[in-house]
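Raw contents of data_22.cif, mmCIF, C-alpha atoms:
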data_protein
#
loop_
_atom_site.label_atom_id
_atom_site.label_comp_id
_atom_site.auth_asym_id
_atom_site.auth_seq_id
_atom_site.Cartn_x
_atom_site.Cartn_y
_atom_site.Cartn_z
CA MET A 556 4.94 -28.44 7.48
CA GLN A 557 7.82 -30.28 9.13
CA THR A 558 10.98 -28.29 9.73
CA THR A 559 14.51 -29.42 10.61
CA PHE A 560 16.17 -26.40 12.19
CA SER A 561 18.98 -27.17 14.61
CA LEU A 562 18.95 -26.01 18.22
CA ALA A 563 21.66 -23.51 17.36
CA GLN A 564 19.53 -22.12 14.54
CA MET A 565 16.47 -21.92 16.79
CA ALA A 566 18.44 -19.64 19.12
CA ASP A 567 18.10 -16.97 16.41
CA PRO A 568 14.76 -15.18 17.01
CA HIS A 569 14.29 -14.71 13.25
CA ILE A 570 14.59 -18.46 12.68
CA GLU A 571 12.32 -19.16 15.64
CA GLN A 572 9.71 -16.87 14.11
CA ALA A 573 10.10 -18.45 10.65
CA ASN A 574 9.80 -21.91 12.16
CA ASP A 575 6.48 -21.03 13.81
CA ILE A 576 5.14 -19.67 10.52
CA LEU A 577 6.36 -22.58 8.40
CA ARG A 578 4.92 -25.23 10.70
CA LYS A 579 1.42 -23.80 10.26
CA CYS A 580 1.44 -24.55 6.53
CA VAL A 581 -0.43 -27.80 5.79
CA HIS A 582 0.31 -27.95 2.02
CA CYS A 583 -3.41 -27.59 1.21
CA GLY A 584 -2.83 -25.43 -1.86
CA PHE A 585 -5.80 -23.12 -1.31
CA CYS A 586 -3.38 -20.23 -1.76
CA THR A 587 -2.52 -21.25 -5.32
CA ALA A 588 -6.06 -20.53 -6.52
CA THR A 589 -5.92 -16.89 -5.45
CA CYS A 590 -2.24 -16.08 -6.10
CA PRO A 591 -2.00 -13.75 -9.12
CA THR A 592 1.43 -14.95 -10.25
CA PHE A 593 0.44 -18.63 -10.08
CA VAL A 594 -2.82 -17.92 -11.89
CA LEU A 595 -0.85 -16.24 -14.69
CA LEU A 596 2.30 -18.38 -14.83
CA GLY A 597 1.18 -21.77 -13.55
CA ASN A 598 4.56 -22.39 -11.90
CA GLU A 599 4.40 -23.90 -8.40
CA LEU A 600 7.42 -21.83 -7.39
CA ASP A 601 5.44 -18.71 -8.26
CA SER A 602 2.76 -19.62 -5.73
CA PRO A 603 2.82 -18.92 -1.98
CA ARG A 604 3.21 -22.62 -1.25
CA GLY A 605 6.14 -22.88 -3.64
CA ARG A 606 7.80 -19.79 -2.22
CA ILE A 607 7.33 -21.17 1.29
CA TYR A 608 9.22 -24.30 0.24
CA LEU A 609 11.99 -22.17 -1.23
CA ILE A 610 12.26 -20.06 1.92
CA LYS A 611 12.20 -23.15 4.15
CA GLY A 612 15.13 -24.69 2.29
CA LEU A 613 17.01 -21.41 2.22
CA LEU A 614 16.72 -20.94 5.98
CA GLU A 615 17.29 -24.57 7.00
CA GLN A 616 20.45 -24.81 4.92
CA ASP A 617 21.59 -21.37 6.08
CA ALA A 618 22.71 -20.84 2.50
CA ALA A 619 23.22 -17.79 0.36
CA PRO A 620 20.16 -17.16 -1.83
CA SER A 621 20.45 -18.56 -5.34
CA ASP A 622 19.23 -16.97 -8.56
CA GLU A 623 16.19 -19.26 -8.36
CA HIS A 624 15.32 -18.05 -4.87
CA VAL A 625 15.60 -14.43 -5.92
CA THR A 626 13.66 -14.82 -9.17
CA HIS A 627 10.58 -16.34 -7.57
CA ILE A 628 10.62 -14.22 -4.41
CA ASP A 629 11.02 -11.07 -6.49
CA ARG A 630 7.96 -12.09 -8.49
CA CYS A 631 5.78 -12.07 -5.36
CA LEU A 632 3.50 -9.02 -5.37
CA THR A 633 3.01 -9.14 -1.57
CA CYS A 634 -0.67 -8.74 -2.39
CA LEU A 635 -1.46 -11.05 0.58
CA SER A 636 -4.41 -12.66 -1.17
CA CYS A 637 -2.97 -15.93 0.09
CA THR A 638 -3.38 -14.82 3.71
CA THR A 639 -7.08 -14.19 3.14
CA THR A 640 -7.48 -17.64 1.61
CA CYS A 641 -5.26 -19.66 3.97
CA PRO A 642 -7.33 -21.77 6.41
CA SER A 643 -4.33 -22.32 8.69
CA GLY A 644 -3.40 -18.70 9.37
CA VAL A 645 0.07 -18.85 7.83
CA ASP A 646 1.75 -15.47 8.37
CA TYR A 647 3.09 -15.25 4.84
CA MET A 648 3.62 -11.47 5.01
CA HIS A 649 6.28 -11.61 7.67
CA LEU A 650 7.89 -14.72 6.19
CA ILE A 651 8.36 -13.10 2.78
CA ASP A 652 9.60 -9.91 4.47
CA ASP A 653 12.32 -11.87 6.25
CA ALA A 654 13.25 -13.66 3.04
CA ARG A 655 13.67 -10.35 1.25
CA ALA A 656 15.81 -9.01 4.07
CA LYS A 657 18.04 -12.10 3.77
CA ILE A 658 18.33 -11.59 0.02
CA GLU A 659 19.30 -7.97 0.61
CA ARG A 660 22.01 -9.07 3.08
CA ASP A 661 23.37 -12.19 1.39
CA TYR A 662 22.80 -11.93 -2.35
CA THR A 663 24.67 -9.72 -4.80
CA ARG A 664 22.41 -8.48 -7.54
CA PRO A 665 23.76 -7.38 -10.93
CA LEU A 666 25.22 -3.89 -10.83
CA THR A 667 22.50 -2.31 -12.98
CA ASP A 668 19.80 -3.82 -10.74
CA ARG A 669 21.53 -2.54 -7.60
CA LEU A 670 21.88 0.94 -9.03
CA PHE A 671 18.26 1.06 -10.19
CA ARG A 672 16.96 -0.10 -6.82
CA THR A 673 19.14 2.42 -5.03
CA MET A 674 17.81 5.18 -7.26
CA LEU A 675 14.21 4.21 -6.42
CA THR A 676 14.88 4.24 -2.68
CA MET A 677 16.62 7.63 -2.92
CA VAL A 678 13.86 9.29 -4.97
CA LEU A 679 10.35 7.89 -4.48
CA PRO A 680 10.04 8.35 -0.68
CA TYR A 681 11.11 12.01 -0.87
CA PRO A 682 8.52 14.37 -2.43
CA GLY A 683 10.98 17.06 -3.48
CA ARG A 684 13.30 14.63 -5.24
CA PHE A 685 10.37 12.76 -6.74
CA ARG A 686 8.93 15.95 -8.18
CA LEU A 687 12.25 16.78 -9.86
CA ALA A 688 12.56 13.23 -11.16
CA LEU A 689 9.11 13.49 -12.76
CA LEU A 690 10.21 16.60 -14.63
CA GLY A 691 13.11 14.60 -16.06
CA ALA A 692 10.83 11.67 -16.83
CA TRP A 693 8.64 13.90 -18.97
CA LEU A 694 11.60 14.71 -21.21
CA ALA A 695 12.48 11.03 -21.60
CA LYS A 696 8.90 9.69 -21.81
CA PRO A 697 8.87 9.50 -25.65
CA PHE A 698 11.64 6.89 -25.39
CA ALA A 699 9.81 4.70 -22.84
CA LYS A 700 8.84 2.02 -25.36
CA VAL A 701 12.39 1.50 -26.62
CA LEU A 702 14.15 1.52 -23.25
CA PRO A 703 14.67 -1.85 -21.55
CA GLY A 704 12.55 -3.38 -18.77
CA PRO A 705 12.24 -1.44 -15.52
CA LEU A 706 13.59 1.84 -16.91
CA GLY A 707 11.05 1.93 -19.72
CA ALA A 708 8.29 0.88 -17.34
CA MET A 709 9.18 3.68 -14.92
CA LEU A 710 9.09 6.31 -17.67
CA GLY A 711 5.82 4.91 -19.00
CA LEU A 712 4.21 5.41 -15.58
CA ALA A 713 5.14 9.09 -15.38
CA PRO A 714 1.92 11.15 -15.07
CA LYS A 715 0.78 13.45 -17.83
CA ARG A 716 0.75 16.49 -15.57
CA LEU A 717 2.59 17.58 -12.46
CA HIS A 718 0.51 19.16 -9.71
CA ARG A 719 1.65 22.09 -7.64
CA PRO A 720 2.44 21.29 -3.99
CA SER A 721 -0.64 21.66 -1.80
CA ALA A 722 -0.61 23.91 1.26
CA VAL A 723 -2.67 21.21 3.02
CA ASP A 724 0.45 19.05 3.28
CA ASN A 725 2.36 21.59 5.37
CA PRO A 726 2.58 21.02 9.16
CA GLN A 727 -0.50 22.70 10.69
CA VAL A 728 -3.80 22.13 12.45
CA PHE A 729 -7.21 22.24 10.76
CA LYS A 730 -9.98 23.01 13.21
CA ALA A 731 -13.15 20.94 13.29
CA GLU A 732 -16.37 22.43 11.98
CA GLY A 733 -18.74 22.63 14.94
CA ALA A 734 -18.08 20.62 18.08
CA MET A 735 -14.89 18.58 17.96
CA LYS A 736 -15.58 14.84 18.08
CA LYS A 737 -12.04 13.60 17.47
CA ARG A 738 -8.52 14.89 17.09
CA VAL A 739 -6.69 12.95 14.38
CA ALA A 740 -3.28 13.10 12.76
CA LEU A 741 -3.30 12.81 8.97
CA MET A 742 -0.41 11.01 7.32
CA THR A 743 0.19 13.03 4.16
CA GLY A 744 2.52 10.45 2.64
CA CYS A 745 5.26 10.89 0.07
CA ALA A 746 4.50 9.91 -3.54
CA GLN A 747 0.76 10.50 -3.21
CA LYS A 748 1.02 14.17 -2.39
CA VAL A 749 3.11 14.64 -5.53
CA LEU A 750 0.96 12.51 -7.83
CA ASN A 751 -2.47 13.60 -6.55
CA PRO A 752 -2.60 16.27 -3.82
CA ALA A 753 -6.39 16.48 -4.19
CA ILE A 754 -6.68 13.30 -2.10
CA ASN A 755 -5.28 14.90 1.05
CA GLU A 756 -7.28 18.06 0.41
CA ALA A 757 -10.51 16.08 0.17
CA THR A 758 -9.59 14.09 3.28
CA VAL A 759 -9.09 17.23 5.36
CA ARG A 760 -12.38 18.72 4.17
CA LEU A 761 -14.27 15.49 4.86
CA LEU A 762 -12.82 15.01 8.33
CA THR A 763 -13.22 18.62 9.52
CA ARG A 764 -16.77 18.71 8.15
CA HIS A 765 -17.54 15.70 10.34
CA GLY A 766 -16.12 17.13 13.55
CA CYS A 767 -12.46 16.16 13.43
CA GLU A 768 -9.57 18.40 14.27
CA VAL A 769 -6.86 17.36 11.82
CA VAL A 770 -3.20 17.64 12.75
CA VAL A 771 -0.53 17.45 10.06
CA ALA A 772 2.55 16.61 12.11
CA ASP A 773 5.93 18.17 11.50
CA GLY A 774 8.61 15.61 10.67
CA GLN A 775 6.45 12.82 9.25
CA GLY A 776 7.41 11.29 5.93
CA CYS A 777 7.35 8.04 4.00
CA CYS A 778 5.83 5.13 5.92
CA GLY A 779 8.78 2.91 4.97
CA ALA A 780 6.82 0.43 2.84
CA LEU A 781 8.78 0.94 -0.35
CA VAL A 782 12.19 0.13 1.10
CA HIS A 783 10.75 -2.44 3.51
CA HIS A 784 9.52 -4.55 0.60
CA MET A 785 12.97 -4.32 -0.95
CA GLY A 786 14.46 -5.92 2.17
CA LYS A 787 16.14 -2.72 3.33
CA GLU A 788 15.21 -3.06 6.99
CA ASP A 789 17.50 -0.40 8.43
CA GLN A 790 16.11 2.29 6.14
CA SER A 791 12.48 1.26 6.61
CA HIS A 792 12.86 1.17 10.38
CA ALA A 793 14.47 4.61 10.36
CA GLN A 794 11.55 6.04 8.39
CA ALA A 795 9.07 4.36 10.71
CA ALA A 796 10.86 5.66 13.80
CA ALA A 797 10.78 9.21 12.40
CA ASN A 798 7.01 8.99 11.92
CA ILE A 799 6.47 7.61 15.41
CA ALA A 800 8.48 10.47 16.90
CA ALA A 801 6.59 13.04 14.79
CA TRP A 802 3.18 11.80 15.91
CA GLU A 803 4.28 11.60 19.55
CA ALA A 804 5.51 15.20 19.36
CA ALA A 805 2.23 16.29 17.75
CA GLU A 806 0.27 14.69 20.57
CA ALA A 807 2.48 16.34 23.18
CA THR A 808 1.84 19.71 21.53
CA HIS A 809 -1.83 19.54 20.57
CA GLY A 810 -3.34 17.03 22.99
CA GLN A 811 -4.52 13.47 22.72
CA ILE A 812 -4.67 12.13 19.19
CA ASP A 813 -7.49 9.64 18.77
CA ALA A 814 -6.36 8.17 15.46
CA ILE A 815 -3.58 8.24 12.89
CA VAL A 816 -5.60 8.59 9.70
CA ILE A 817 -4.20 7.16 6.48
CA ASN A 818 -5.77 7.46 3.04
CA ALA A 819 -3.33 5.23 1.12
CA SER A 820 -4.06 1.62 2.03
CA GLY A 821 -0.52 0.46 1.26
CA CYS A 822 0.81 2.89 3.84
CA GLY A 823 -1.91 1.88 6.28
CA THR A 824 -0.91 -1.78 6.13
CA THR A 825 2.68 -0.84 6.95
CA VAL A 826 1.96 1.61 9.77
CA LYS A 827 -0.42 -0.89 11.36
CA ASP A 828 2.59 -3.25 11.35
CA TYR A 829 4.99 -0.89 13.17
CA GLY A 830 4.37 -2.77 16.40
CA TRP A 831 5.59 -5.98 14.79
CA MET A 832 8.56 -4.29 13.12
CA PHE A 833 9.87 -2.99 16.46
CA ARG A 834 8.75 -5.87 18.68
CA ARG A 835 12.32 -6.83 19.58
CA ASP A 836 13.53 -3.26 20.20
CA PRO A 837 13.11 -2.46 23.90
CA ALA A 838 13.32 1.28 23.29
CA MET A 839 10.69 1.30 20.53
CA ALA A 840 8.38 -1.68 21.05
CA ASP A 841 5.73 -0.04 23.22
CA ARG A 842 5.83 3.25 21.32
CA ALA A 843 5.44 1.52 17.95
CA ALA A 844 2.65 -0.70 19.22
CA ALA A 845 0.77 2.36 20.51
CA ILE A 846 0.98 4.04 17.09
CA SER A 847 -0.14 0.88 15.27
CA ALA A 848 -3.12 0.57 17.61
CA LYS A 849 -4.23 4.12 16.70
CA THR A 850 -3.78 3.75 12.96
CA LYS A 851 -7.00 3.77 10.93
CA ASP A 852 -7.88 3.96 7.28
CA VAL A 853 -9.94 7.07 6.60
CA THR A 854 -12.98 4.89 5.84
CA GLU A 855 -12.71 3.29 9.30
CA VAL A 856 -12.84 6.71 10.92
CA MET A 857 -15.72 7.84 8.72
CA SER A 858 -17.66 4.67 9.49
CA ASP A 859 -17.32 5.50 13.17
CA LEU A 860 -18.36 9.13 12.70
CA GLY A 861 -21.20 8.51 10.26
CA LEU A 862 -21.84 10.63 7.18
CA THR A 863 -23.64 13.95 7.47
CA ALA A 864 -26.66 14.74 5.32
CA VAL A 865 -25.80 13.82 1.77
CA ALA A 866 -25.82 16.68 -0.74
CA ASN A 867 -25.48 17.11 -4.51
CA GLY A 868 -28.81 15.64 -5.61
CA ASP A 869 -29.48 12.42 -7.48
CA ASP A 870 -27.12 12.84 -10.43
CA LYS A 871 -24.31 10.76 -8.98
CA PRO A 872 -22.47 8.42 -11.32
CA THR A 873 -22.44 4.64 -10.97
CA VAL A 874 -19.23 3.59 -9.18
CA VAL A 875 -17.22 0.41 -9.51
CA TYR A 876 -15.19 -0.08 -6.36
CA HIS A 877 -11.72 -1.57 -6.76
CA SER A 878 -10.51 -2.90 -3.43
CA ALA A 879 -6.75 -2.52 -3.23
CA CYS A 880 -4.93 -5.65 -2.03
CA SER A 881 -3.49 -3.73 0.90
CA MET A 882 -7.03 -2.80 1.89
CA GLN A 883 -8.85 -6.11 1.56
CA HIS A 884 -5.98 -8.53 2.28
CA GLY A 885 -3.49 -6.42 4.23
CA GLN A 886 -5.93 -4.58 6.52
CA LYS A 887 -8.91 -6.93 6.07
CA LEU A 888 -11.19 -3.98 5.29
CA THR A 889 -13.85 -4.92 2.77
CA SER A 890 -17.17 -3.41 3.83
CA PRO A 891 -16.48 0.17 5.07
CA PRO A 892 -15.59 1.82 1.74
CA LYS A 893 -18.49 0.22 -0.15
CA THR A 894 -20.96 0.90 2.65
CA LEU A 895 -19.95 4.56 2.87
CA LEU A 896 -20.23 5.04 -0.90
CA ALA A 897 -23.71 3.50 -0.84
CA GLN A 898 -24.73 5.70 2.10
CA ALA A 899 -23.47 8.70 0.12
CA GLY A 900 -25.95 7.89 -2.62
CA PHE A 901 -23.76 6.10 -5.16
CA GLU A 902 -24.74 2.86 -6.83
CA VAL A 903 -21.74 0.62 -6.11
CA ARG A 904 -20.72 -2.24 -8.37
CA GLU A 905 -17.94 -4.79 -7.88
CA PRO A 906 -15.86 -6.53 -10.55
CA ILE A 907 -15.36 -10.26 -10.86
CA GLU A 908 -11.98 -11.53 -9.62
CA GLY A 909 -11.96 -8.63 -7.18
CA HIS A 910 -9.45 -10.51 -5.03
CA LEU A 911 -6.74 -10.45 -7.72
CA CYS A 912 -4.08 -7.73 -7.76
CA CYS A 913 -4.02 -5.03 -10.43
CA GLY A 914 -0.24 -5.39 -10.72
CA SER A 915 0.77 -2.09 -9.11
CA ALA A 916 2.07 -3.38 -5.76
CA GLY A 917 4.41 -0.54 -4.80
CA THR A 918 7.31 -0.67 -7.27
CA TYR A 919 6.28 -4.02 -8.76
CA ASN A 920 4.94 -2.38 -11.93
CA ILE A 921 8.43 -0.96 -12.42
CA MET A 922 10.50 -3.99 -11.39
CA GLN A 923 8.29 -6.67 -12.99
CA PRO A 924 6.68 -4.82 -15.91
CA GLU A 925 5.66 -7.85 -18.00
CA ILE A 926 3.70 -9.59 -15.23
CA SER A 927 2.32 -6.27 -14.02
CA ALA A 928 1.04 -5.39 -17.50
CA ARG A 929 -0.82 -8.71 -17.79
CA LEU A 930 -2.44 -8.23 -14.38
CA LYS A 931 -3.33 -4.65 -15.24
CA GLU A 932 -5.18 -5.61 -18.41
CA ARG A 933 -6.97 -8.49 -16.68
CA LYS A 934 -8.13 -6.18 -13.89
CA ALA A 935 -9.08 -3.37 -16.28
CA LYS A 936 -11.16 -5.74 -18.41
CA ASN A 937 -13.13 -6.86 -15.35
CA LEU A 938 -13.65 -3.28 -14.20
CA ARG A 939 -14.85 -2.17 -17.64
CA ALA A 940 -17.29 -5.10 -17.75
CA THR A 941 -19.28 -3.58 -14.87
CA GLU A 942 -20.26 -0.69 -17.19
CA ALA A 943 -19.80 1.74 -14.31
CA GLN A 944 -19.12 5.42 -14.95
CA VAL A 945 -16.38 5.97 -12.34
CA MET A 946 -13.81 3.76 -10.63
CA ALA A 947 -13.08 4.41 -6.95
CA THR A 948 -10.29 2.95 -4.85
CA GLY A 949 -8.36 3.73 -1.68
CA ASN A 950 -4.77 3.45 -2.87
CA ILE A 951 -2.74 5.82 -5.03
CA GLY A 952 -0.72 2.99 -6.60
CA CYS A 953 -3.85 1.33 -7.97
CA MET A 954 -5.09 4.68 -9.24
CA MET A 955 -1.90 5.32 -11.20
CA GLN A 956 -1.81 1.76 -12.52
CA LEU A 957 -5.37 1.71 -13.85
CA GLN A 958 -6.21 5.29 -14.79
CA ASP A 959 -5.36 4.90 -18.48
CA ALA A 960 -6.73 1.37 -18.82
CA VAL A 961 -10.29 1.33 -17.50
CA GLY A 962 -11.94 3.80 -19.86
CA MET A 963 -13.52 5.86 -17.06
CA PRO A 964 -12.41 8.46 -14.50
CA VAL A 965 -10.44 7.04 -11.57
CA VAL A 966 -10.84 8.76 -8.21
CA HIS A 967 -10.11 8.11 -4.57
CA THR A 968 -13.02 6.95 -2.43
CA VAL A 969 -12.58 9.94 -0.14
CA GLU A 970 -13.02 12.35 -3.05
CA LEU A 971 -16.48 10.94 -3.73
CA LEU A 972 -17.44 11.04 -0.04
CA ASP A 973 -16.25 14.64 0.20
CA TRP A 974 -18.27 15.63 -2.89
CA ALA A 975 -21.39 13.85 -1.64
CA THR A 976 -21.29 15.71 1.67
CA GLY A 977 -20.70 19.21 0.35
CA GLY A 978 -17.23 19.28 -1.19
CA PRO A 979 -16.25 20.06 -4.77
CA LYS A 980 -16.79 17.65 -7.61
CA PRO A 981 -13.66 15.52 -8.19
CA ALA A 982 -11.55 16.51 -11.18
CA GLY A 983 -12.34 14.45 -14.25
CA LEU A 984 -16.02 13.85 -13.49
CA ASP A 985 -17.28 16.78 -15.56
#

Step by step, read the file and then write its structure as structure tokens.
Amino acid sequence: MQTTFSLAQMADPHIEQANDILRKCVHCGFCTATCPTFVLLGNELDSPRGRIYLIKGLLEQDAAPSDEHVTHIDRCLTCLSCTTTCPSGVDYMHLIDDARAKIERDYTRPLTDRLFRTMLTMVLPYPGRFRLALLGAWLAKPFAKVLPGPLGAMLGLAPKRLHRPSAVDNPQVFKAEGAMKKRVALMTGCAQKVLNPAINEATVRLLTRHGCEVVVADGQGCCGALVHHMGKEDQSHAQAAANIAAWEAAEATHGQIDAIVINASGCGTTVKDYGWMFRRDPAMADRAAAISAKTKDVTEVMSDLGLTAVANGDDKPTVVYHSACSMQHGQKLTSPPKTLLAQAGFEVREPIEGHLCCGSAGTYNIMQPEISARLKERKAKNLRATEAQVMATGNIGCMMQLQDAVGMPVVHTVELLDWATGGPKPAGLD
């Protein structure tokens, strides 16, 4: 793609970066075939290629974002299916991130939108606040269908039950069973440990059973993804920096940490990108890059360790594996979860259109409820068509999005691996 940035513009490192990304695009249109919003809406501006044109014009003209820019960029799920498809290696993820940051700086949203977004950023990344908010959501849930847009969607997504906080999520060290093979730090997350604390519990059991000492670092928190995808760079970088400091302190206290283990693929995609986020910060660049290099999805670590003797007999249910976008497109991990499930004795099935997003995408199912609902039903229909007995996935957002739509129990991959190697049966499988 030809660009026309001036020399003065090219002096800005953000423009220089955008220019390099834009010039790799060859207009081929492969991305349109795998973009969920284009598949649904058929609007070129709701495809990656169309959004790239919008961003190019926005940056070249150095203009304030228009309503059109914001509408079509907001509709992007950041599912990154386009990056898997693109034959030219266009770095769409970082281009759309920069566009969102520009919108956050230079565009004034309607007051109600600003207030709602602020509320999300002040609640969701903080487990204590989120837990209190869910209590309030329960009271208002009967009115979800009559409340407008995002507010109704948010209330509709409130879970049916609220779990007690798990002691596993407190700062501590879990010793390895037998000889220690690795020392790892587990990122316990923010929303996940409120919505489904069993995931972290299963992860700790699985890792310690396979020779890992598991450190839960004091001071870690939200990975920063939620606010990062809203264009709030300062807040996302502050959350990332806090995590980096927490893991460095844990290593100084407990000894070398071999991996930062993450069991929510959306968080994993973001933490693996810390090096990029801080690349221009002399004080943080090397530290962030070191953390990103150590970051592994739990299935990557388990693939390296190998599963112990599989237990629990031959009565395992048939599993349909839903690959979260952040797993297959963000982290490019497709084989490890399915291979591990098969090694654990499960028959693994895959749905058609497995590359398309389920519509969760962080806060997308709240901010874009109509498009999200259409993607949810399309995904659920394909999952049901496999006639599997259980759905497994590696991302809490996908679990919450699909649990009431697929007609089968929805569990995290790690819960099945834990059960197959001696842990308890996941809730809901009885």

**Message:** For the PyMOL selection byres ((chain A and resi 885) around 9), applied here, can you spell out every residue it catches as a PyMOL selection string?
**Reply:** chain A and resi 634-636+638-639+648+820-821+823-825+880-884+886-888

**Request:** Using the chain letters and residue numbers of this document, give as a PyMOL selection string the residues selected by the PyMOL selection byres ((chain A and resi 802-809) around 12).
**Result:** chain A and resi 726-730+738-742+768-776+795-801+810-816+826+842-843+845-847+849-850

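Compared by their closest atoms to A:Glu902, and using only C-alpha atoms, the residues A:Pro872, A:Gly584, A:Gly917, A:Pro642 rank with A:Pro872 nearest.
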
**Request:** Give me, please, the distance in Å between atom CA of A:Asp789 and atom CA of A:Ala619, quoted to one decimal.
**Result:**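 Computing it gives 20.0 Å between the two atoms.
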
**Message:** List the spatial neighbours of stretch 785-787 of chain A as a ChimeraX atom specification - criterion: any atom at most 12 Å away, only C-alpha atoms, same-chain residues fewer than 2 positions off excluded.
**Reply:** /A:625,628-633,649-662,668-669,671-673,675-676,779-783,789-794,916-919,922

Report as a PDB file with C-alpha atoms, in the coordinates of the input the residues that result from applying the PyMOL selection byres ((chain A and resi 599-613) around 8) to the structure here.
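Saved result, selection-v7.pdb, follows:
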ATOM      1  CA  THR A 558      10.980 -28.290   9.730  1.00  0.00           C
ATOM      2  CA  LEU A 577       6.360 -22.580   8.400  1.00  0.00           C
ATOM      3  CA  HIS A 582       0.310 -27.950   2.020  1.00  0.00           C
ATOM      4  CA  GLY A 584      -2.830 -25.430  -1.860  1.00  0.00           C
ATOM      5  CA  CYS A 586      -3.380 -20.230  -1.760  1.00  0.00           C
ATOM      6  CA  THR A 587      -2.520 -21.250  -5.320  1.00  0.00           C
ATOM      7  CA  CYS A 590      -2.240 -16.080  -6.100  1.00  0.00           C
ATOM      8  CA  THR A 592       1.430 -14.950 -10.250  1.00  0.00           C
ATOM      9  CA  PHE A 593       0.440 -18.630 -10.080  1.00  0.00           C
ATOM     10  CA  LEU A 596       2.300 -18.380 -14.830  1.00  0.00           C
ATOM     11  CA  GLY A 597       1.180 -21.770 -13.550  1.00  0.00           C
ATOM     12  CA  ASN A 598       4.560 -22.390 -11.900  1.00  0.00           C
ATOM     13  CA  LEU A 614      16.720 -20.940   5.980  1.00  0.00           C
ATOM     14  CA  GLU A 615      17.290 -24.570   7.000  1.00  0.00           C
ATOM     15  CA  GLN A 616      20.450 -24.810   4.920  1.00  0.00           C
ATOM     16  CA  ASP A 617      21.590 -21.370   6.080  1.00  0.00           C
ATOM     17  CA  ALA A 618      22.710 -20.840   2.500  1.00  0.00           C
ATOM     18  CA  ALA A 619      23.220 -17.790   0.360  1.00  0.00           C
ATOM     19  CA  PRO A 620      20.160 -17.160  -1.830  1.00  0.00           C
ATOM     20  CA  HIS A 624      15.320 -18.050  -4.870  1.00  0.00           C
ATOM     21  CA  HIS A 627      10.580 -16.340  -7.570  1.00  0.00           C
ATOM     22  CA  ILE A 628      10.620 -14.220  -4.410  1.00  0.00           C
ATOM     23  CA  ARG A 630       7.960 -12.090  -8.490  1.00  0.00           C
ATOM     24  CA  CYS A 631       5.780 -12.070  -5.360  1.00  0.00           C
ATOM     25  CA  CYS A 637      -2.970 -15.930   0.090  1.00  0.00           C
ATOM     26  CA  TYR A 647       3.090 -15.250   4.840  1.00  0.00           C
ATOM     27  CA  ALA A 654      13.250 -13.660   3.040  1.00  0.00           C
TER      28      ALA A 654
END

**Item:** Surrounding residues of stretch 938-948 of chain A excluding itself and chain neighbours under 3 positions, 8 Å, only C-alpha atoms, as number ranges by chain
**Value:** A: 872-879, 904-907, 934-935, 953-954, 961-968, 984

At a cut-off of 9 Å, using only C-alpha atoms, what residues contact stretch 858-861 of chain A? Leave out same-chain residues fewer than 4 positions from it and give the result as a PDB file with C-alpha atoms, keeping the file's coordinate frame.
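Contents of out_12.pdb, freshly written:
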ATOM      1  CA  LYS A 736     -15.580  14.840  18.080  1.00  0.00           C
ATOM      2  CA  HIS A 765     -17.540  15.700  10.340  1.00  0.00           C
ATOM      3  CA  GLY A 766     -16.120  17.130  13.550  1.00  0.00           C
ATOM      4  CA  VAL A 853      -9.940   7.070   6.600  1.00  0.00           C
ATOM      5  CA  THR A 854     -12.980   4.890   5.840  1.00  0.00           C
ATOM      6  CA  PRO A 891     -16.480   0.170   5.070  1.00  0.00           C
ATOM      7  CA  PRO A 892     -15.590   1.820   1.740  1.00  0.00           C
ATOM      8  CA  THR A 894     -20.960   0.900   2.650  1.00  0.00           C
ATOM      9  CA  LEU A 895     -19.950   4.560   2.870  1.00  0.00           C
TER      10      LEU A 895
END

**Request:** Have a look at A:Thr640, A:Gln557, A:Asn920, A:Gln564 and name the one nearest to A:Leu706; count all atoms listed in the file.
**Result:**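 Under the stated criterion, the closest residue is A:Asn920.
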
**Message:** Which residue is closest to A:Leu762? Choose from A:Gly983, A:Gly733, A:Pro591, A:Gly744 and count all atoms listed in the file.
**Reply:**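 That would be A:Gly733, the residue with the smallest distance to A:Leu762.
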
Only N, CA and C atoms, please: stretch 631-636 of chain A from the block, as a PDB file, in the first residue's frame.
ATOM      1  N   CYS A 631     -14.448  -3.612  15.364  1.00  0.00           N
ATOM      2  CA  CYS A 631     -13.409  -4.633  15.239  1.00  0.00           C
ATOM      3  C   CYS A 631     -13.312  -5.412  16.542  1.00  0.00           C
ATOM      4  N   LEU A 632     -13.344  -6.742  16.439  1.00  0.00           N
ATOM      5  CA  LEU A 632     -13.267  -7.609  17.612  1.00  0.00           C
ATOM      6  C   LEU A 632     -11.847  -7.768  18.142  1.00  0.00           C
ATOM      7  N   THR A 633     -10.846  -7.358  17.341  1.00  0.00           N
ATOM      8  CA  THR A 633      -9.442  -7.675  17.611  1.00  0.00           C
ATOM      9  C   THR A 633      -9.260  -9.177  17.767  1.00  0.00           C
ATOM     10  N   CYS A 634      -9.992  -9.944  16.964  1.00  0.00           N
ATOM     11  CA  CYS A 634      -9.863 -11.398  17.017  1.00  0.00           C
ATOM     12  C   CYS A 634      -8.570 -11.868  16.346  1.00  0.00           C
ATOM     13  N   LEU A 635      -8.025 -11.019  15.449  1.00  0.00           N
ATOM     14  CA  LEU A 635      -6.746 -11.274  14.774  1.00  0.00           C
ATOM     15  C   LEU A 635      -6.798 -12.447  13.804  1.00  0.00           C
ATOM     16  N   SER A 636      -8.000 -12.860  13.412  1.00  0.00           N
ATOM     17  CA  SER A 636      -8.108 -13.875  12.369  1.00  0.00           C
ATOM     18  C   SER A 636      -7.443 -13.398  11.088  1.00  0.00           C
TER      19      SER A 636
END
